[in-house]
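Engineer: Hey, dropping query_10.txt in here, compact mmCIF, C-alpha atoms and all ligand atoms:
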```txt
# COMPACT_ATOMS: atom_id res chain seq x y z
CA MET A 13 2.17 -17.56 -91.16
CA ARG A 14 1.92 -15.10 -94.06
CA LEU A 15 3.67 -11.83 -93.36
CA LEU A 16 3.80 -8.65 -95.44
CA VAL A 17 6.73 -6.27 -95.10
CA CYS A 18 5.24 -2.84 -95.85
CA ASP A 19 8.25 -0.59 -95.17
CA PRO A 20 12.01 -0.98 -95.76
CA THR A 21 13.37 -3.69 -93.45
CA ALA A 22 16.86 -5.21 -93.17
CA PRO A 23 17.34 -8.03 -95.74
CA SER A 24 18.92 -10.15 -92.95
CA ALA A 25 15.63 -9.95 -91.02
CA ILE A 26 13.63 -11.04 -94.07
CA ALA A 27 16.03 -13.94 -94.61
CA ALA A 28 15.80 -15.00 -90.94
CA MET A 29 11.99 -14.99 -91.02
CA ARG A 30 11.91 -17.04 -94.25
CA GLU A 31 14.41 -19.48 -92.80
CA ALA A 32 12.08 -19.94 -89.83
CA GLY A 33 9.32 -20.97 -92.23
CA ILE A 34 7.38 -17.69 -92.38
CA GLU A 35 5.98 -16.88 -95.82
CA VAL A 36 7.28 -13.33 -96.31
CA ASP A 37 6.19 -10.95 -99.06
CA VAL A 38 8.15 -7.72 -99.40
CA ARG A 39 6.33 -4.68 -100.79
CA ASP A 40 8.17 -1.98 -98.96
CA ASP A 41 6.81 0.87 -101.05
CA ILE A 42 3.20 -0.30 -101.00
CA SER A 43 0.59 2.46 -101.31
CA PRO A 44 -2.29 2.76 -98.82
CA GLU A 45 -4.77 1.69 -101.54
CA GLU A 46 -2.72 -1.38 -102.52
CA LEU A 47 -2.34 -2.34 -98.86
CA GLU A 48 -6.09 -2.12 -98.29
CA ALA A 49 -6.60 -4.43 -101.29
CA VAL A 50 -4.27 -7.18 -100.03
CA ILE A 51 -4.31 -6.89 -96.24
CA ALA A 52 -6.94 -9.65 -95.83
CA ASP A 53 -4.39 -12.18 -97.14
CA TYR A 54 -1.95 -11.68 -94.26
CA ASP A 55 -1.53 -12.88 -90.68
CA ALA A 56 1.15 -10.33 -89.86
CA ILE A 57 2.56 -7.06 -91.17
CA VAL A 58 5.81 -5.22 -90.56
CA VAL A 59 5.73 -1.41 -90.74
CA ARG A 60 8.08 1.40 -89.83
CA SER A 61 6.75 4.98 -89.67
CA ARG A 62 5.69 5.38 -93.33
CA THR A 63 2.75 2.98 -93.40
CA LYS A 64 -0.29 4.11 -91.43
CA VAL A 65 -2.37 1.40 -89.82
CA ARG A 66 -5.67 3.13 -89.12
CA GLN A 67 -9.15 1.86 -88.26
CA PRO A 68 -10.45 1.45 -91.88
CA LEU A 69 -7.40 -0.68 -92.78
CA ILE A 70 -7.75 -2.75 -89.60
CA ASP A 71 -11.42 -3.39 -90.49
CA LYS A 72 -10.27 -4.98 -93.77
CA ALA A 73 -7.52 -7.00 -92.05
CA VAL A 74 -9.75 -9.96 -91.28
CA ASN A 75 -6.87 -12.45 -90.82
CA LEU A 76 -4.37 -10.12 -89.17
CA LYS A 77 -3.00 -11.26 -85.81
CA LEU A 78 0.21 -9.26 -85.46
CA ILE A 79 1.45 -5.78 -86.33
CA ILE A 80 5.18 -5.25 -85.85
CA ARG A 81 6.40 -1.65 -85.83
CA GLY A 82 10.15 -1.56 -86.48
CA GLY A 83 11.09 1.39 -84.28
CA VAL A 84 9.76 3.12 -81.19
CA GLY A 85 6.73 5.40 -81.69
CA LEU A 86 3.36 3.79 -82.31
CA ASP A 87 1.74 7.06 -83.47
CA ASN A 88 1.13 5.61 -86.98
CA ILE A 89 -0.97 2.74 -85.63
CA ASP A 90 -4.45 2.76 -84.04
CA VAL A 91 -3.08 0.54 -81.29
CA GLU A 92 -6.14 0.33 -79.04
CA TYR A 93 -8.46 -0.41 -81.96
CA ALA A 94 -6.14 -3.13 -83.27
CA ARG A 95 -5.90 -4.71 -79.82
CA SER A 96 -9.69 -4.56 -79.44
CA LYS A 97 -9.82 -6.76 -82.57
CA GLY A 98 -7.42 -9.26 -81.00
CA ILE A 99 -4.42 -8.08 -83.03
CA ALA A 100 -1.11 -7.96 -81.14
CA VAL A 101 0.90 -4.77 -81.66
CA ARG A 102 4.64 -4.92 -80.98
CA ASN A 103 7.55 -2.52 -81.48
CA THR A 104 11.34 -2.49 -81.04
CA PRO A 105 11.83 0.17 -78.38
CA THR A 106 15.51 -0.32 -77.55
CA ALA A 107 16.97 -0.89 -81.01
CA SER A 108 17.71 2.75 -81.81
CA SER A 109 18.35 4.17 -78.33
CA ASN A 110 22.14 4.33 -78.64
CA SER A 111 21.97 5.96 -82.07
CA VAL A 112 19.70 8.72 -80.75
CA ALA A 113 21.93 9.17 -77.70
CA GLU A 114 25.01 9.52 -79.93
CA LEU A 115 23.24 12.08 -82.13
CA THR A 116 22.43 14.05 -78.98
CA VAL A 117 26.09 14.02 -77.91
CA GLY A 118 27.04 15.06 -81.42
CA TYR A 119 24.70 18.03 -81.06
CA LEU A 120 26.17 18.98 -77.67
CA LEU A 121 29.60 19.32 -79.28
CA ALA A 122 28.24 20.86 -82.49
CA LEU A 123 26.47 23.58 -80.48
CA ALA A 124 29.52 24.24 -78.30
CA ARG A 125 31.76 24.80 -81.33
CA GLN A 126 29.22 25.80 -84.02
CA LEU A 127 30.51 23.00 -86.23
CA PRO A 128 27.78 23.13 -88.93
CA GLN A 129 28.02 26.93 -89.16
CA VAL A 130 31.83 26.99 -89.40
CA THR A 131 31.76 24.23 -92.00
CA ALA A 132 29.27 26.26 -94.08
CA SER A 133 31.60 29.26 -93.78
CA MET A 134 34.64 27.24 -94.93
CA LYS A 135 32.67 25.80 -97.85
CA ALA A 136 31.77 29.36 -98.85
CA GLY A 137 35.53 30.00 -99.17
CA LYS A 138 35.79 32.09 -96.00
CA TRP A 139 38.39 31.92 -93.19
CA GLU A 140 36.42 33.33 -90.26
CA LYS A 141 38.89 32.32 -87.57
CA LYS A 142 38.05 35.18 -85.23
CA ALA A 143 34.27 34.83 -85.52
CA PHE A 144 34.43 31.11 -84.79
CA SER A 145 36.99 31.25 -81.97
CA LYS A 146 34.34 31.98 -79.35
CA GLY A 147 33.40 28.38 -78.62
CA SER A 148 33.15 26.74 -75.24
CA GLU A 149 33.92 23.32 -73.77
CA ILE A 150 31.16 21.00 -72.65
CA ALA A 151 33.31 19.56 -69.84
CA GLY A 152 32.31 21.16 -66.56
CA LYS A 153 28.96 22.32 -67.96
CA THR A 154 25.57 21.19 -66.68
CA LEU A 155 23.27 19.11 -68.85
CA GLY A 156 19.58 19.05 -67.89
CA LEU A 157 17.70 16.06 -69.24
CA ILE A 158 13.92 16.16 -69.53
CA GLY A 159 12.99 12.46 -69.60
CA TYR A 160 15.28 9.87 -68.05
CA GLY A 161 14.21 6.72 -69.90
CA ARG A 162 16.21 4.50 -72.25
CA ILE A 163 17.70 7.32 -74.33
CA GLY A 164 17.98 9.85 -71.49
CA ARG A 165 20.03 7.33 -69.46
CA LEU A 166 22.40 6.63 -72.33
CA VAL A 167 22.89 10.35 -72.95
CA ALA A 168 23.58 10.81 -69.23
CA ARG A 169 26.29 8.13 -69.25
CA LYS A 170 28.00 9.56 -72.30
CA ALA A 171 27.78 13.16 -71.05
CA THR A 172 29.15 12.16 -67.65
CA ALA A 173 32.08 10.46 -69.40
CA LEU A 174 32.73 13.75 -71.22
CA GLY A 175 32.97 15.58 -67.90
CA MET A 176 29.49 17.10 -67.75
CA ARG A 177 27.37 17.41 -64.63
CA VAL A 178 24.02 15.77 -65.34
CA LEU A 179 20.61 16.67 -63.89
CA ALA A 180 17.43 14.88 -64.90
CA TYR A 181 13.72 15.51 -64.53
CA ASP A 182 11.43 12.50 -64.83
CA PRO A 183 8.44 12.21 -62.48
CA TYR A 184 8.13 8.48 -63.20
CA VAL A 185 11.67 7.58 -62.20
CA THR A 186 12.86 7.30 -58.61
CA GLU A 187 16.48 6.21 -59.01
CA ALA A 188 19.28 7.54 -61.13
CA GLU A 189 22.72 6.14 -61.96
CA GLU A 190 25.79 7.49 -60.21
CA GLY A 191 26.64 11.02 -61.26
CA VAL A 192 23.04 11.93 -62.21
CA THR A 193 20.81 14.03 -59.95
CA LEU A 194 17.05 13.71 -60.29
CA LEU A 195 15.17 16.87 -59.44
CA PRO A 196 11.97 18.81 -60.18
CA LEU A 197 11.81 20.64 -63.52
CA ASP A 198 11.70 24.11 -61.97
CA GLU A 199 14.98 23.33 -60.13
CA LEU A 200 16.64 21.88 -63.24
CA LEU A 201 15.82 24.76 -65.59
CA PRO A 202 17.84 27.54 -63.87
CA GLN A 203 20.94 25.33 -63.48
CA ALA A 204 21.37 23.83 -66.94
CA ASP A 205 23.77 25.09 -69.63
CA TYR A 206 22.27 22.56 -72.03
CA ILE A 207 18.72 21.19 -71.94
CA SER A 208 17.93 18.03 -73.89
CA LEU A 209 14.44 16.56 -74.32
CA HIS A 210 13.91 12.78 -74.24
CA VAL A 211 10.19 12.46 -73.53
CA PRO A 212 7.42 11.07 -75.74
CA HIS A 213 4.82 13.54 -77.00
CA THR A 214 1.72 13.11 -74.83
CA PRO A 215 -0.91 15.58 -73.57
CA GLU A 216 1.22 15.84 -70.42
CA THR A 217 4.49 16.59 -72.24
CA HIS A 218 2.97 18.88 -74.89
CA TYR A 219 5.03 22.12 -74.73
CA ILE A 220 6.79 20.88 -71.57
CA VAL A 221 9.37 23.46 -72.64
CA ASN A 222 7.41 26.68 -73.19
CA ALA A 223 7.68 30.46 -72.76
CA ASP A 224 7.55 30.11 -68.94
CA SER A 225 10.32 27.51 -68.99
CA PHE A 226 12.59 29.76 -71.05
CA ALA A 227 12.04 32.57 -68.52
CA ARG A 228 13.47 30.27 -65.79
CA MET A 229 16.52 29.18 -67.77
CA LYS A 230 20.07 30.54 -67.61
CA ASP A 231 21.04 33.21 -70.13
CA GLY A 232 22.98 31.56 -72.95
CA VAL A 233 21.33 28.16 -72.51
CA ARG A 234 21.40 25.74 -75.46
CA ILE A 235 18.51 23.42 -76.30
CA ILE A 236 18.50 20.00 -77.96
CA ASN A 237 15.44 18.05 -79.07
CA CYS A 238 16.06 14.56 -80.43
CA GLY A 239 12.84 13.31 -78.81
CA ARG A 240 9.52 14.27 -80.36
CA GLY A 241 8.12 17.41 -81.96
CA GLY A 242 5.43 19.17 -79.91
CA THR A 243 7.29 18.79 -76.61
CA LEU A 244 9.06 22.07 -77.26
CA ASP A 245 7.14 25.26 -78.09
CA GLU A 246 8.94 26.28 -81.28
CA THR A 247 7.48 29.79 -81.27
CA ALA A 248 8.75 30.38 -77.73
CA LEU A 249 12.15 28.98 -78.74
CA TYR A 250 12.28 31.31 -81.76
CA GLU A 251 11.43 34.34 -79.63
CA ASN A 252 14.01 33.43 -77.01
CA ILE A 253 16.76 33.01 -79.58
CA VAL A 254 15.91 36.31 -81.25
CA GLY A 255 15.67 37.93 -77.80
CA GLY A 256 19.17 36.66 -76.92
CA LYS A 257 18.21 34.35 -74.04
CA VAL A 258 18.99 31.10 -75.88
CA ALA A 259 22.44 30.84 -77.48
CA GLY A 260 21.71 27.89 -79.74
CA ALA A 261 19.39 25.02 -80.53
CA ALA A 262 19.75 21.67 -82.26
CA LEU A 263 16.60 19.97 -83.47
CA ASP A 264 16.13 16.52 -84.99
CA VAL A 265 12.34 16.60 -84.53
CA PHE A 266 9.79 19.30 -85.30
CA GLU A 267 6.21 20.23 -84.51
CA ASP A 268 5.28 19.94 -88.18
CA GLU A 269 7.52 17.50 -90.04
CA LYS A 270 5.38 17.49 -93.20
CA LYS A 271 5.07 21.11 -94.29
CA ASP A 272 6.79 23.77 -92.20
CA ARG A 273 9.65 21.49 -91.05
CA GLY A 274 11.02 24.07 -88.62
CA GLN A 275 11.96 26.46 -91.42
CA ARG A 276 11.30 29.61 -89.38
CA LEU A 277 13.65 28.39 -86.65
CA LEU A 278 16.24 27.08 -89.10
CA SER A 279 16.42 30.52 -90.71
CA LEU A 280 18.22 31.63 -87.54
CA PRO A 281 22.01 31.15 -87.60
CA GLN A 282 21.96 29.77 -84.04
CA VAL A 283 19.75 26.84 -85.02
CA ILE A 284 21.06 23.59 -86.47
CA GLY A 285 19.02 20.56 -87.34
CA SER A 286 18.41 17.28 -89.07
CA PRO A 287 15.35 15.59 -90.64
CA HIS A 288 14.43 13.14 -87.82
CA ILE A 289 17.50 10.95 -88.34
CA GLY A 290 18.05 9.90 -84.72
CA ALA A 291 17.54 6.23 -85.54
CA GLY A 292 19.17 6.55 -88.96
CA THR A 293 22.29 4.44 -88.50
CA VAL A 294 23.39 1.13 -89.96
CA GLU A 295 23.58 -0.33 -86.45
CA ALA A 296 20.11 0.79 -85.38
CA LYS A 297 18.56 -0.51 -88.60
CA ALA A 298 20.30 -3.86 -88.16
CA ARG A 299 19.09 -4.08 -84.54
CA VAL A 300 15.53 -3.12 -85.59
CA GLY A 301 15.70 -5.91 -88.19
CA GLU A 302 16.94 -8.47 -85.65
CA GLU A 303 14.17 -7.49 -83.22
CA VAL A 304 11.46 -7.57 -85.91
CA ALA A 305 12.57 -11.06 -86.98
CA ARG A 306 12.72 -12.30 -83.37
CA ILE A 307 9.19 -11.02 -82.64
CA ALA A 308 7.77 -12.59 -85.83
CA ILE A 309 9.53 -15.92 -85.31
CA GLU A 310 8.47 -16.17 -81.65
CA PHE A 311 4.88 -15.27 -82.58
CA ALA A 312 4.76 -17.84 -85.37
CA ALA A 313 6.10 -20.52 -83.04
CA ALA A 314 3.68 -19.76 -80.19
P1 LIG B 1 11.39 5.87 -72.80
O1 LIG B 1 9.94 5.53 -72.71
O2 LIG B 1 12.39 4.84 -72.42
O3 LIG B 1 11.70 7.18 -71.95
C1 LIG B 1 10.84 8.27 -71.90
C2 LIG B 1 10.90 8.82 -70.50
O4 LIG B 1 10.09 9.97 -70.45
C3 LIG B 1 10.36 7.83 -69.45
O5 LIG B 1 11.32 7.56 -68.45
C4 LIG B 1 9.16 8.56 -68.87
O6 LIG B 1 9.01 8.34 -67.48
C5 LIG B 1 9.52 10.01 -69.15
N1 LIG B 1 8.39 10.89 -69.09
C6 LIG B 1 7.10 10.66 -69.44
N2 LIG B 1 6.35 11.74 -69.17
C7 LIG B 1 7.17 12.67 -68.65
C8 LIG B 1 7.00 13.99 -68.19
N3 LIG B 1 5.79 14.56 -68.20
N4 LIG B 1 8.06 14.66 -67.74
C9 LIG B 1 9.30 14.09 -67.73
N5 LIG B 1 9.54 12.82 -68.12
C10 LIG B 1 8.48 12.13 -68.59
O7 LIG B 1 11.62 6.36 -74.30
P2 LIG B 1 13.01 6.48 -75.06
O8 LIG B 1 13.23 5.22 -75.83
O9 LIG B 1 14.05 6.99 -74.13
O10 LIG B 1 12.64 7.60 -76.14
C11 LIG B 1 12.52 8.97 -75.74
C12 LIG B 1 11.98 9.78 -76.90
O11 LIG B 1 12.86 9.71 -78.01
C13 LIG B 1 10.62 9.27 -77.40
O12 LIG B 1 9.79 10.36 -77.64
C14 LIG B 1 10.95 8.64 -78.72
O13 LIG B 1 9.86 8.70 -79.60
C15 LIG B 1 12.09 9.53 -79.18
N6 LIG B 1 12.89 8.92 -80.24
C16 LIG B 1 13.35 9.74 -81.22
C17 LIG B 1 14.09 9.19 -82.27
C18 LIG B 1 14.63 10.08 -83.36
O14 LIG B 1 14.80 9.60 -84.47
N7 LIG B 1 14.94 11.32 -83.09
C19 LIG B 1 14.33 7.82 -82.34
C20 LIG B 1 13.88 7.02 -81.29
C21 LIG B 1 13.15 7.58 -80.24
```
Taking this structure as input, can you express it in the form of structure tokens?
Ligand code: NAD

Structural biologist:
Amino acid sequence: MRLLVCDPTAPSAIAAMREAGIEVDVRDDISPEELEAVIADYDAIVVRSRTKVRQPLIDKAVNLKLIIRGGVGLDNIDVEYARSKGIAVRNTPTASSNSVAELTVGYLLALARQLPQVTASMKAGKWEKKAFSKGSEIAGKTLGLIGYGRIGRLVARKATALGMRVLAYDPYVTEAEEGVTLLPLDELLPQADYISLHVPHTPETHYIVNADSFARMKDGVRIINCGRGGTLDETALYENIVGGKVAGAALDVFEDEKKDRGQRLLSLPQVIGSPHIGAGTVEAKARVGEEVARIAIEFAAA
């Protein structure tokens, strides 16, 4: 099997695939034009989120049998079209779950104590002890999870261990682990001190948190989105922060991650954020690599 690695992938994964007899070429900064020119030579490709695998590329991929997406979202691949051409499309959905869950917990604590803001103040040479002594504990507070899948469950476990009460809304889940109460969204919203989104972005979840949702929430609620941009109406969030309803927000994902990048929201002192780094840990990358290699090796052997 000839396999092309199109995006950065753990060297250990490349070594494992070669050891298993797969002919691996690594061009992890390949341009779309270069990829179109060589795709016909390969049986399999490995991509992360950078490389787009759209219909015109698939049409040129006359020998392609397998697309492996290292990571979760398949938004960069025309999955149905590829499958209609007999190409298998696989991803590594669990590899980064714990990293995203830990980032979420980090944001719970960062919002409670304004850690990024107080650090910025210290770096500016200030000693604003009084201004930053108005924090709160997360123990005893209620966390409302929207989406109780792989990441939502891990966040729930960690938050429970930190003494939080956890509520979750997920219409596709019927059972929750001990300490977690599943309930309808309109019952979750008025009870939660923190609301964290862990749903994919679909037509159904588009703006699942919107102006109406904010109206139902507690005053002083804090919002976290380490899921996907577009699930949270950023304009409604902005207005509710400015209006004093929402005390803080932490965002790892944004509606527009190319141009605007949440700049209007980030201009508010109550908003903290990161550039979609939920899966950006050494451990998650290593696990993605292991999974990618396992998928390729199993496929080659089948
Ligand atoms: P998952 O599929 O295991 O869980 C998603 C859950 O959302 C499922 O339980 C599903 O039933 C639920 N859901 C679907 N529609 C819903 C709705 N309308 N209302 C409420 N719940 C609904 O996925 P996961 O691995 O837990 O990932 C969750 C999100 O995190 C995904 O959007 C994923 O893309 C994102 N993610 C972000 C990063 C990052 O870097 N920030 C990294 C990995 C994953």

Engineer: Residues within 8 Å of ligand LIG 1 (chain B), counting all atoms listed in the file: report them as number ranges by chain.

Structural biologist: A: 83-85, 105-106, 108-109, 111-112, 158-165, 181-185, 209-214, 216-217, 220, 237-240, 264-265, 288-292

Engineer: I'd like the neighbourhood of stretch 253-262 of chain A as a ChimeraX atom specification, where a residue qualifies if any of its atoms comes within 6 Å (using only C-alpha atoms), though same-chain residues fewer than 4 positions away should be ignored.

Structural biologist: /A:231-236,282-285

Engineer: Using only C-alpha atoms, which protein or nucleic acid residues come within 9 Å of A:Ala223? Drop anything in the same chain fewer than 6 positions from it, and give the result as a list in words.

Structural biologist: Asp245, Thr247, Ala248, Leu249, Glu251 and Asn252 of chain A

Engineer: So that I can see what lies close to A:Ala168, please list as a PyMOL selection string the residues with an atom at most 12 Å from it, counting only C-alpha atoms and leaving out residues fewer than 6 positions away in the same chain.

Structural biologist: chain A and resi 110+113-114+116-117+154-162+174-181+188-194+207-210

Engineer: List as JSON, numbers by chain the protein and nucleic acid residues near A:Ala132, meaning an atom at most 12 Å away when only C-alpha atoms are counted, but skip any in the same chain fewer than 5 places from it.

Structural biologist: {"A": [126, 127, 137, 138, 139, 140, 144, 281, 284]}

Engineer: So, with all atoms listed in the file as the atoms that count, which of A:Gln275, A:Met134, A:Glu92, A:Ile307 lies closest to A:Val58?

Structural biologist: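 That would be A:Ile307, the residue with the smallest distance to A:Val58.
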
Engineer: To one decimal place, how far is atom CA of A:Gly241 from atom CA of A:Asp268 in Å?

Structural biologist: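 A separation of 7.3 Å between them.
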
Engineer: Take atom CA of A:Ile79 and atom CA of A:Glu267 and report the distance between them in Å, one decimal.

Structural biologist: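 Here the two named atoms are 26.5 Å from each other.
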
Engineer: For a quick check of understanding, using all atoms listed in the file, which of A:Leu244, A:Ala143, A:Tyr206, A:Leu200 has the smallest distance to A:Leu121?

Structural biologist: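 So, comparing all the options, the nearest one is A:Tyr206.
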
Engineer: Any idea what the distance is between atom CA of A:Ser148 and atom CA of A:Val167?

Structural biologist: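 Value for the atom CA of A:Ser148-atom CA of A:Val167 distance: 19.5 Å.
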
Engineer: Select, counting all atoms listed in the file, all protein, DNA and RNA residues no farther than 8 Å from (15.5, -12.2, -86.6) in file coordinates, and express the selection as a short mmCIF file (atom, residue, chain, number, x, y, z; two decimals) with C-alpha atoms, in the frame of the given file.

Structural biologist:
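The resulting file, result-v4.cif, is shown below:
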```
data_model
loop_
_atom_site.label_atom_id
_atom_site.label_comp_id
_atom_site.auth_asym_id
_atom_site.auth_seq_id
_atom_site.Cartn_x
_atom_site.Cartn_y
_atom_site.Cartn_z
CA SER A 24 18.92 -10.15 -92.95
CA ALA A 25 15.63 -9.95 -91.02
CA ILE A 26 13.63 -11.04 -94.07
CA ALA A 28 15.80 -15.00 -90.94
CA MET A 29 11.99 -14.99 -91.02
CA GLY A 301 15.70 -5.91 -88.19
CA GLU A 302 16.94 -8.47 -85.65
CA GLU A 303 14.17 -7.49 -83.22
CA VAL A 304 11.46 -7.57 -85.91
CA ALA A 305 12.57 -11.06 -86.98
CA ARG A 306 12.72 -12.30 -83.37
CA ILE A 307 9.19 -11.02 -82.64
CA ALA A 308 7.77 -12.59 -85.83
CA ILE A 309 9.53 -15.92 -85.31
#
```
